[in-house]
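What follows is the content of run12.tsv, which has TSV, C-alpha atoms:
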chain	number	residue	atom	x	y	z
G	586	MET	CA	269.74	23.79	54.28
G	587	LYS	CA	270.47	24.14	50.58
G	588	LEU	CA	273.94	25.20	49.41
G	589	LYS	CA	274.68	26.82	46.07
G	590	THR	CA	278.43	26.74	45.52
G	591	LEU	CA	281.02	25.35	43.15
G	592	LEU	CA	283.34	24.48	46.02
G	593	LEU	CA	281.84	21.71	48.12
G	594	SER	CA	284.29	19.59	50.10
G	595	ALA	CA	283.63	16.01	51.07
G	596	ALA	CA	283.47	17.00	54.74
G	597	MET	CA	280.96	19.71	53.96
G	598	THR	CA	278.80	17.35	51.93
G	599	ALA	CA	278.00	15.45	55.12
G	600	LEU	CA	276.73	18.66	56.70
G	601	VAL	CA	274.61	20.03	53.88
G	602	TRP	CA	271.05	19.01	53.14
G	603	ALA	CA	269.95	19.56	49.56
G	604	ALA	CA	266.29	20.20	48.95
G	605	PRO	CA	264.72	17.79	46.46
G	606	MET	CA	263.37	18.98	43.12
G	607	GLY	CA	260.18	20.97	43.47
G	608	THR	CA	260.76	21.92	47.11
G	609	ALA	CA	259.70	25.46	48.01
G	610	LEU	CA	262.38	28.09	48.53
G	611	ALA	CA	263.92	28.26	51.99
G	612	GLU	CA	262.35	30.69	54.42
G	613	THR	CA	265.68	32.44	54.99
G	614	ARG	CA	268.30	32.99	52.30
G	615	VAL	CA	271.84	33.87	53.36
G	616	GLY	CA	274.30	35.32	50.87
G	617	MET	CA	277.92	34.49	51.70
G	618	ILE	CA	280.57	36.32	49.70
G	619	THR	CA	284.02	35.26	50.85
G	620	THR	CA	287.55	34.59	49.58
G	621	LEU	CA	287.86	31.01	48.35
G	622	SER	CA	290.71	31.30	45.82
G	623	GLY	CA	294.03	33.06	45.54
G	624	GLY	CA	295.69	34.86	48.43
G	625	GLY	CA	293.63	34.66	51.58
G	626	ALA	CA	291.61	31.64	50.44
G	627	GLY	CA	292.34	29.74	53.64
G	628	LEU	CA	290.67	32.47	55.68
G	629	GLY	CA	287.49	32.37	53.64
G	630	ILE	CA	287.39	28.58	53.59
G	631	ASP	CA	287.63	28.50	57.38
G	632	VAL	CA	284.87	31.10	57.82
G	633	ARG	CA	282.68	29.15	55.40
G	634	ASP	CA	283.35	25.80	57.08
G	635	GLY	CA	282.70	27.15	60.59
G	636	PHE	CA	279.47	28.80	59.43
G	637	LEU	CA	278.18	25.66	57.70
G	638	LEU	CA	279.09	23.48	60.67
G	639	ALA	CA	276.82	25.53	62.94
G	640	ILE	CA	273.98	25.56	60.40
G	641	GLY	CA	274.29	21.80	59.97
G	642	GLN	CA	274.27	21.22	63.72
G	643	SER	CA	271.08	23.26	64.06
G	644	GLY	CA	269.08	20.66	62.18
G	645	ARG	CA	267.16	23.38	60.33
G	646	ASP	CA	266.23	22.73	56.70
G	647	ASP	CA	264.69	26.14	56.03
G	648	ILE	CA	267.95	28.05	55.55
G	649	GLU	CA	269.60	28.39	52.17
G	650	VAL	CA	273.21	29.54	52.01
G	651	VAL	CA	274.33	30.96	48.66
G	652	ILE	CA	278.13	30.97	48.58
G	653	GLU	CA	280.32	32.83	46.08
G	654	ASP	CA	284.06	33.50	45.75
G	655	ASP	CA	285.06	37.19	45.70
G	656	GLN	CA	288.62	36.31	44.58
G	657	ARG	CA	289.75	39.12	46.96
G	658	LYS	CA	288.66	41.65	44.32
G	659	PRO	CA	286.36	44.54	45.33
G	660	ASP	CA	284.74	44.78	41.88
G	661	ILE	CA	283.88	41.08	41.90
G	662	ALA	CA	282.48	41.37	45.43
G	663	VAL	CA	280.25	44.27	44.38
G	664	GLN	CA	278.93	42.36	41.35
G	665	LEU	CA	278.17	39.31	43.49
G	666	ALA	CA	276.43	41.40	46.13
G	667	ASP	CA	274.24	43.12	43.53
G	668	ARG	CA	273.20	39.77	42.11
G	669	MET	CA	272.49	38.28	45.51
G	670	ILE	CA	270.35	41.24	46.52
G	671	GLN	CA	268.49	41.75	43.25
G	672	SER	CA	268.24	38.22	41.80
G	673	ASP	CA	268.79	35.76	44.63
G	674	ARG	CA	266.73	37.88	47.02
G	675	VAL	CA	268.85	37.08	50.06
G	676	ASP	CA	267.68	38.25	53.48
G	677	VAL	CA	271.06	38.36	55.25
G	678	MET	CA	274.62	38.71	53.99
G	679	THR	CA	277.93	37.59	55.50
G	680	GLY	CA	281.37	36.21	54.73
G	681	ILE	CA	283.70	39.04	53.67
G	682	ILE	CA	287.25	38.66	54.95
G	683	PHE	CA	289.08	41.80	53.81
G	684	SER	CA	288.21	45.34	54.88
G	685	ASN	CA	288.56	46.93	51.46
G	686	LEU	CA	285.94	44.50	50.14
G	687	ALA	CA	283.71	45.17	53.15
G	688	MET	CA	283.86	48.89	52.43
G	689	ALA	CA	282.84	48.19	48.83
G	690	VAL	CA	279.86	45.99	49.74
G	691	VAL	CA	278.44	46.62	53.22
G	692	PRO	CA	277.25	50.26	52.96
G	693	SER	CA	275.28	49.50	49.78
G	694	ALA	CA	273.78	46.30	51.19
G	695	THR	CA	272.59	47.87	54.42
G	696	ALA	CA	271.26	50.92	52.57
G	697	GLN	CA	269.01	48.53	50.64
G	698	GLY	CA	267.59	47.09	53.86
G	699	LEU	CA	269.76	43.97	54.09
G	700	PHE	CA	271.26	42.74	57.34
G	701	TYR	CA	275.00	42.19	57.22
G	702	LEU	CA	276.74	39.98	59.81
G	703	SER	CA	280.50	40.31	59.53
G	704	PRO	CA	282.50	37.20	60.50
G	705	ASN	CA	285.80	39.02	60.11
G	706	ALA	CA	286.44	42.47	58.61
G	707	GLY	CA	285.74	45.32	61.04
G	708	PRO	CA	286.93	48.59	59.47
G	709	SER	CA	286.82	51.68	61.65
G	710	ALA	CA	284.68	53.48	59.06
G	711	LEU	CA	281.81	51.07	59.78
G	712	ALA	CA	282.18	51.28	63.56
G	713	GLY	CA	281.93	55.05	63.98
G	714	ARG	CA	280.13	57.60	61.85
G	715	GLY	CA	279.56	55.07	59.07
G	716	CYS	CA	277.78	52.60	61.35
G	717	HIS	CA	274.37	51.24	60.39
G	718	PRO	CA	271.68	49.58	62.53
G	719	ASN	CA	271.61	46.57	60.17
G	720	TYR	CA	275.37	45.98	60.38
G	721	PHE	CA	276.71	43.65	63.08
G	722	ASN	CA	280.34	42.62	63.47
G	723	VAL	CA	280.67	39.26	65.21
G	724	ALA	CA	284.49	39.16	65.21
G	725	TRP	CA	286.06	42.41	66.42
G	726	GLN	CA	286.63	45.98	65.35
G	727	ASN	CA	289.85	46.03	63.32
G	728	ASP	CA	291.85	47.94	65.94
G	729	ASN	CA	291.08	45.58	68.83
G	730	LEU	CA	293.72	42.86	68.65
G	731	HIS	CA	296.37	45.47	67.86
G	732	GLU	CA	295.32	47.59	70.84
G	733	ALA	CA	295.84	44.48	72.95
G	734	ALA	CA	299.31	44.04	71.45
G	735	GLY	CA	300.15	47.61	72.46
G	736	ALA	CA	298.94	46.96	76.00
G	737	HIS	CA	301.02	43.77	76.16
G	738	ALA	CA	304.11	45.61	74.90
G	739	ASN	CA	303.74	48.04	77.79
G	740	GLY	CA	303.57	45.17	80.25
G	741	GLU	CA	306.77	43.71	78.83
G	742	GLY	CA	308.55	47.03	79.31
G	743	TYR	CA	309.18	47.74	75.63
G	744	GLU	CA	309.88	51.41	74.98
G	745	ASN	CA	310.99	51.68	71.36
G	746	ALA	CA	308.88	49.64	68.94
G	747	PHE	CA	309.17	49.31	65.17
G	748	ILE	CA	305.72	48.79	63.59
G	749	LEU	CA	304.61	47.76	60.11
G	750	ALA	CA	301.45	46.69	58.26
G	751	PRO	CA	300.06	46.57	54.69
G	752	ASN	CA	298.76	49.77	53.14
G	753	TYR	CA	295.00	49.09	53.16
G	754	PRO	CA	292.15	49.87	55.62
G	755	ALA	CA	292.84	47.03	58.04
G	756	GLY	CA	296.57	47.78	58.02
G	757	LYS	CA	295.96	51.40	58.89
G	758	ASP	CA	293.53	50.37	61.65
G	759	ALA	CA	296.17	47.95	62.96
G	760	LEU	CA	298.89	50.53	63.48
G	761	THR	CA	296.37	53.05	64.79
G	762	GLY	CA	295.20	50.51	67.35
G	763	PHE	CA	298.71	49.61	68.49
G	764	LYS	CA	299.70	53.26	68.86
G	765	ARG	CA	296.53	54.04	70.79
G	766	PHE	CA	297.65	51.78	73.66
G	767	PHE	CA	301.44	51.66	73.34
G	768	GLU	CA	303.07	54.13	75.74
G	769	GLY	CA	306.59	54.07	74.34
G	770	GLU	CA	308.27	55.66	71.33
G	771	LEU	CA	308.35	54.41	67.74
G	772	ALA	CA	311.67	53.39	66.25
G	773	GLY	CA	309.97	53.28	62.85
G	774	GLU	CA	306.59	52.96	61.13
G	775	LEU	CA	306.10	51.40	57.69
G	776	TYR	CA	303.23	50.55	55.38
G	777	THR	CA	304.07	47.71	53.00
G	778	LYS	CA	302.38	46.73	49.75
G	779	LEU	CA	299.32	44.50	50.09
G	780	GLY	CA	300.39	41.02	49.00
G	781	GLN	CA	304.12	41.78	49.39
G	782	LYS	CA	306.36	38.72	49.80
G	783	ASP	CA	309.92	40.12	50.05
G	784	TYR	CA	310.73	41.95	53.30
G	785	ALA	CA	314.53	42.27	53.05
G	786	ALA	CA	314.36	46.08	52.93
G	787	GLU	CA	311.99	46.30	55.90
G	788	ILE	CA	314.10	43.94	57.99
G	789	ALA	CA	317.19	46.01	57.18
G	790	GLN	CA	315.37	49.11	58.43
G	791	ILE	CA	314.39	47.33	61.63
G	792	ARG	CA	318.01	46.28	62.19
G	793	ALA	CA	319.24	49.86	61.75
G	794	SER	CA	316.49	51.43	63.87
G	795	GLY	CA	317.65	50.36	67.31
G	796	ALA	CA	314.17	49.06	68.14
G	797	ASP	CA	313.67	46.96	71.26
G	798	SER	CA	310.58	45.24	69.80
G	799	VAL	CA	308.68	44.74	66.54
G	800	PHE	CA	304.93	44.81	66.05
G	801	PHE	CA	303.63	43.66	62.68
G	802	PHE	CA	300.28	42.92	61.08
G	803	LEU	CA	300.78	40.88	57.92
G	804	PRO	CA	297.94	38.39	57.40
G	805	GLY	CA	298.07	35.16	55.42
G	806	GLY	CA	300.99	34.58	53.08
G	807	MET	CA	302.48	37.98	53.87
G	808	GLY	CA	303.00	36.97	57.48
G	809	ILE	CA	304.47	33.61	56.50
G	810	SER	CA	307.05	35.30	54.29
G	811	PHE	CA	307.94	37.95	56.86
G	812	LEU	CA	308.40	35.55	59.77
G	813	LYS	CA	310.56	33.15	57.80
G	814	GLN	CA	312.75	35.94	56.47
G	815	TYR	CA	312.93	37.56	59.91
G	816	ALA	CA	314.08	34.28	61.50
G	817	ASP	CA	316.64	33.73	58.73
G	818	SER	CA	318.01	37.26	59.22
G	819	GLY	CA	319.34	36.41	62.68
G	820	LEU	CA	317.85	39.63	64.06
G	821	ASP	CA	317.30	39.15	67.79
G	822	VAL	CA	314.52	41.66	68.49
G	823	PRO	CA	311.29	40.34	70.08
G	824	VAL	CA	308.24	40.18	67.80
G	825	ILE	CA	304.59	40.75	68.73
G	826	GLY	CA	301.68	40.37	66.36
G	827	PRO	CA	297.95	39.83	66.21
G	828	ALA	CA	296.48	36.36	65.78
G	829	PHE	CA	296.06	36.88	62.04
G	830	SER	CA	299.74	36.14	61.47
G	831	PHE	CA	299.87	33.24	63.94
G	832	ASP	CA	296.64	31.45	63.26
G	833	GLN	CA	296.17	27.70	62.99
G	834	GLY	CA	295.80	27.83	59.23
G	835	ILE	CA	299.26	29.26	58.59
G	836	LEU	CA	301.42	28.16	61.55
G	837	GLN	CA	302.39	24.90	59.86
G	838	ALA	CA	303.73	26.89	56.92
G	839	VAL	CA	305.69	29.23	59.21
G	840	GLY	CA	307.07	26.34	61.26
G	841	GLU	CA	309.91	26.75	63.75
G	842	ALA	CA	310.23	30.46	62.98
G	843	ALA	CA	307.03	31.10	64.93
G	844	LEU	CA	307.85	29.13	68.09
G	845	GLY	CA	307.62	31.21	71.24
G	846	VAL	CA	306.25	34.29	69.49
G	847	VAL	CA	303.52	36.10	71.40
G	848	ASN	CA	300.31	37.23	69.70
G	849	THR	CA	296.90	38.56	70.68
G	850	SER	CA	293.49	37.06	69.98
G	851	GLN	CA	289.90	37.03	71.22
G	852	TRP	CA	289.79	33.24	70.75
G	853	ASN	CA	291.91	30.12	71.09
G	854	LYS	CA	291.16	26.43	70.99
G	855	ASP	CA	292.01	26.04	74.70
G	856	LEU	CA	289.46	28.57	75.96
G	857	ASP	CA	287.73	26.76	78.80
G	858	ASN	CA	284.01	26.85	78.12
G	859	PRO	CA	281.59	24.11	76.97
G	860	ALA	CA	280.65	25.77	73.68
G	861	ASN	CA	284.29	26.07	72.63
G	862	ALA	CA	285.20	22.53	73.63
G	863	ALA	CA	282.26	21.17	71.62
G	864	PHE	CA	283.13	23.38	68.65
G	865	VAL	CA	286.79	22.33	68.52
G	866	GLU	CA	285.86	18.64	68.75
G	867	SER	CA	283.11	18.79	66.14
G	868	PHE	CA	285.11	20.91	63.69
G	869	GLU	CA	288.07	18.55	63.81
G	870	ALA	CA	285.75	15.56	63.37
G	871	ALA	CA	283.99	17.15	60.38
G	872	TYR	CA	286.98	18.57	58.52
G	873	GLY	CA	290.02	16.63	59.76
G	874	ARG	CA	291.91	19.71	60.94
G	875	LEU	CA	292.06	21.96	63.96
G	876	PRO	CA	289.85	25.05	63.73
G	877	SER	CA	291.32	28.49	63.23
G	878	LEU	CA	290.33	31.88	64.57
G	879	TYR	CA	288.39	32.40	61.35
G	880	ALA	CA	286.51	29.12	61.70
G	881	SER	CA	285.43	30.10	65.22
G	882	GLN	CA	284.19	33.44	63.91
G	883	GLY	CA	282.19	31.77	61.15
G	884	PHE	CA	280.70	29.37	63.69
G	885	ASP	CA	279.73	32.19	66.06
G	886	THR	CA	278.25	34.23	63.21
G	887	ALA	CA	275.98	31.36	62.20
G	888	ASN	CA	274.90	30.78	65.79
G	889	LEU	CA	274.10	34.47	66.22
G	890	LEU	CA	271.94	34.25	63.08
G	891	LEU	CA	270.22	31.10	64.35
G	892	SER	CA	269.51	32.70	67.72
G	893	ALA	CA	267.85	35.66	66.02
G	894	LEU	CA	265.86	33.50	63.59
G	895	ALA	CA	264.43	31.60	66.57
G	896	LYS	CA	262.80	34.86	67.69
G	897	ALA	CA	262.02	36.85	64.54
G	898	ASP	CA	262.07	36.88	60.75
G	899	PRO	CA	264.35	39.24	58.81
G	900	SER	CA	261.24	40.63	57.10
G	901	ASP	CA	260.34	42.19	60.46
G	902	ALA	CA	263.47	44.33	60.56
G	903	ASP	CA	262.93	45.89	63.97
G	904	ALA	CA	262.21	42.57	65.70
G	905	PHE	CA	265.06	40.79	63.92
G	906	ARG	CA	267.50	43.58	64.78
G	907	ALA	CA	266.45	43.44	68.43
G	908	ALA	CA	266.98	39.67	68.43
G	909	LEU	CA	270.48	40.08	66.98
G	910	GLU	CA	271.31	42.72	69.58
G	911	GLU	CA	270.51	40.25	72.35
G	912	ALA	CA	273.31	37.93	71.13
G	913	ASP	CA	271.46	35.06	72.79
G	914	PHE	CA	273.83	32.24	71.83
G	915	ASP	CA	276.69	30.31	73.39
G	916	SER	CA	279.81	31.82	71.88
G	917	THR	CA	283.07	29.92	71.49
G	918	ARG	CA	284.58	32.91	73.31
G	919	GLY	CA	282.43	32.53	76.41
G	920	ASP	CA	281.08	35.93	77.44
G	921	PHE	CA	279.99	37.90	74.38
G	922	ALA	CA	277.92	41.06	73.97
G	923	PHE	CA	277.45	43.83	71.44
G	924	GLY	CA	278.34	47.43	72.15
G	925	PRO	CA	276.08	50.30	71.07
G	926	ASN	CA	277.57	50.25	67.55
G	927	HIS	CA	276.99	46.48	67.10
G	928	HIS	CA	280.64	45.55	67.62
G	929	PRO	CA	281.79	43.05	70.26
G	930	ILE	CA	282.65	43.70	73.88
G	931	GLN	CA	284.98	40.85	74.82
G	932	ASP	CA	288.24	39.79	76.40
G	933	ILE	CA	291.42	39.86	74.28
G	934	TYR	CA	294.01	37.25	75.22
G	935	VAL	CA	297.77	36.88	74.93
G	936	ARG	CA	298.84	33.66	73.23
G	937	ARG	CA	302.19	31.99	72.64
G	938	VAL	CA	303.10	29.71	69.74
G	939	VAL	CA	303.96	26.18	70.92
G	940	LYS	CA	304.39	22.76	69.37
G	941	GLU	CA	302.09	19.91	70.37
G	942	GLY	CA	303.52	16.74	68.89
G	943	ASP	CA	304.07	17.59	65.24
G	944	VAL	CA	301.53	20.43	65.20
G	945	PHE	CA	302.32	24.10	65.72
G	946	THR	CA	299.54	25.85	67.62
G	947	ASN	CA	298.86	28.48	70.30
G	948	GLU	CA	298.29	28.43	74.03
G	949	ILE	CA	296.77	31.21	76.12
G	950	ILE	CA	299.20	32.73	78.61
G	951	GLY	CA	297.24	35.75	79.83
G	952	VAL	CA	294.62	38.42	79.25
G	953	ALA	CA	295.64	41.67	77.59
G	954	LEU	CA	292.31	43.53	77.79
G	955	GLU	CA	289.11	42.67	79.65
G	956	ASP	CA	285.57	43.46	78.44
G	957	HIS	CA	287.07	45.52	75.66
G	958	GLY	CA	284.96	47.50	73.19
G	959	ASP	CA	286.22	49.87	70.53
G	960	ALA	CA	287.27	53.48	70.18
G	961	TYR	CA	284.63	54.48	67.63
G	962	ALA	CA	281.35	53.59	69.36
G	963	ALA	CA	280.87	57.14	70.66
G	964	ASP	CA	280.76	58.39	67.05
G	965	CYS	CA	278.01	55.97	66.06
G	966	ALA	CA	274.47	57.38	66.00
G	967	PHE	CA	271.82	55.07	64.57

Re-express the file's structure as structure tokens.
Amino acid sequence: MKLKTLLLSAAMTALVWAAPMGTALAETRVGMITTLSGGGAGLGIDVRDGFLLAIGQSGRDDIEVVIEDDQRKPDIAVQLADRMIQSDRVDVMTGIIFSNLAMAVVPSATAQGLFYLSPNAGPSALAGRGCHPNYFNVAWQNDNLHEAAGAHANGEGYENAFILAPNYPAGKDALTGFKRFFEGELAGELYTKLGQKDYAAEIAQIRASGADSVFFFLPGGMGISFLKQYADSGLDVPVIGPAFSFDQGILQAVGEAALGVVNTSQWNKDLDNPANAAFVESFEAAYGRLPSLYASQGFDTANLLLSALAKADPSDADAFRAALEEADFDSTRGDFAFGPNHHPIQDIYVRRVVKEGDVFTNEIIGVALEDHGDAYAADCAF
């Protein structure tokens, strides 16, 4: 495997084989556009590291991964995608974290015959009428973890929830998903600014609303800020969120404010299956940190790609697509299959934030939804 990137960590160096001068081009070229700087960089780094770990473990030296930083800017992502497709001649694309960037890149890439394997973003527009036979989401459809949070809120007996999320595609999908399953009333519904760090006004509205619970989707640094400010406010209203605000990469920054909070996820490090146990051990050995949700998704995405490459070449689009649809790999999640719109059918778990020694992490405490697909598959017609 040959890696073209300006950001190559010492741990990654041990995993990456560089072709000597004069070596022929790799048989398969993968273009990875992901967020490696600025807000959200930790998410992209984890996806990248999980992906490269799986490629390195495969022992294959005929795969070239071209990695670029989108800086969380749609215009940069589009420029990088155009270059990868037209100049680098990649066969497969992957890596995008944020849904607004996915919407800027994926439709154009698939329209040009490229295969796109999403390790994270799953906007509703690409799951329903905007689906494409060359687009596969290996993580989830955006609504899924939030639907599970709504189902969990019902089980806890909550009847009057206050909900909030950032004003961008994934934020809108989040609140739509929660409302689809939540059977109670809404004490309030807010869309915040993307990248917002001060939540004093929102917390004041929650306090005045009479809510018996709060559901929020605020990924990365937004979630860190909200949880700390919420804990400091002294407001004693239970909080539920998706894994994105309680993931391994940010829990240490949140600290004690996250302890005991319940969140929903399709993965956790304590999932009891051989593939996951091996992944957690090897990731920690390679990078010196526990894997996150995003790292597991990057790892699964690479293993899906490897399973398809073992059966077909991307140049034979029909055969390669059929091989991807089989999802013939051992997922860190255990049972894994694609629905008719190439989005996962999988269990969604309930997790609780705990402290193990000096490390904040999650433990699974139940299952919110079993063999769960998405609400948009019926609108997809390839």

*Between G:Ala922, G:Ala639, G:Ile682, G:Ser672, which is the closest to G:Pro659 once you count all atoms listed in the file?*
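That would be G:Ile682, the residue with the smallest distance to G:Pro659.
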
Which residues of stretch 857-943 of chain G have any atom within 9 Å of an atom in stretch 813-833 of chain G when counting only C-alpha atoms, and what is the closest pair of atoms for each, with the distance in Å to one decimal? Order the rows by chain and rising number and write it as JSON lines.
{"residue": "G:Leu875", "atom": "CA", "partner": "G:Gln833", "partner_atom": "CA", "distance": 7.1}
{"residue": "G:Pro876", "atom": "CA", "partner": "G:Gln833", "partner_atom": "CA", "distance": 6.9}
{"residue": "G:Ser877", "atom": "CA", "partner": "G:Gln833", "partner_atom": "CA", "distance": 4.9}
{"residue": "G:Leu878", "atom": "CA", "partner": "G:Asp832", "partner_atom": "CA", "distance": 6.5}
{"residue": "G:Tyr879", "atom": "CA", "partner": "G:Asp832", "partner_atom": "CA", "distance": 8.5}
{"residue": "G:Arg936", "atom": "CA", "partner": "G:Ala828", "partner_atom": "CA", "distance": 8.3}
{"residue": "G:Val938", "atom": "CA", "partner": "G:Phe831", "partner_atom": "CA", "distance": 7.5}

*asked:* When you count only C-alpha atoms, which of these residues is closest to G:Thr886: G:Phe914, G:Tyr872, G:Phe767, G:Tyr743?
replied: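 Nearest candidate to G:Thr886 out of G:Phe914, G:Tyr872, G:Phe767, G:Tyr743: G:Phe914.
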
Exercise: G:Val939 partners within 10 Å, all atoms listed in the file, chain neighbours under 2 positions left out, as a compact mmCIF listing (two decimals) with C-alpha atoms, in the frame of the given file:
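Done, and the output landed in selection.txt:
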# COMPACT_ATOMS: atom_id res chain seq x y z
CA LEU G 836 301.42 28.16 61.55
CA GLU G 841 309.91 26.75 63.75
CA ALA G 843 307.03 31.10 64.93
CA LEU G 844 307.85 29.13 68.09
CA GLY G 845 307.62 31.21 71.24
CA VAL G 846 306.25 34.29 69.49
CA VAL G 847 303.52 36.10 71.40
CA ARG G 936 298.84 33.66 73.23
CA ARG G 937 302.19 31.99 72.64
CA GLU G 941 302.09 19.91 70.37
CA GLY G 942 303.52 16.74 68.89
CA VAL G 944 301.53 20.43 65.20
CA PHE G 945 302.32 24.10 65.72
CA THR G 946 299.54 25.85 67.62
CA ASN G 947 298.86 28.48 70.30
CA GLU G 948 298.29 28.43 74.03

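Note that the spacing between atom CA of G:Asp667 and atom CA of G:Phe905 amounts to 22.5 Å.
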
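Surrounding residues of (272.4, 27.5, 61.9) at most 10 Å away are Met586, Phe636, Leu637, Leu638, Ala639, Ile640, Gly641, Gln642, Ser643, Gly644, Arg645, Asp646, Asp647, Ile648, Phe884, Asp885, Thr886, Ala887, Asn888, Leu889, Leu890, Leu891, Ser892 and Leu894 of chain G (based on only C-alpha atoms).
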
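From atom CA of G:Thr679 back to atom CA of G:Thr619, the distance works out to 8.0 Å.
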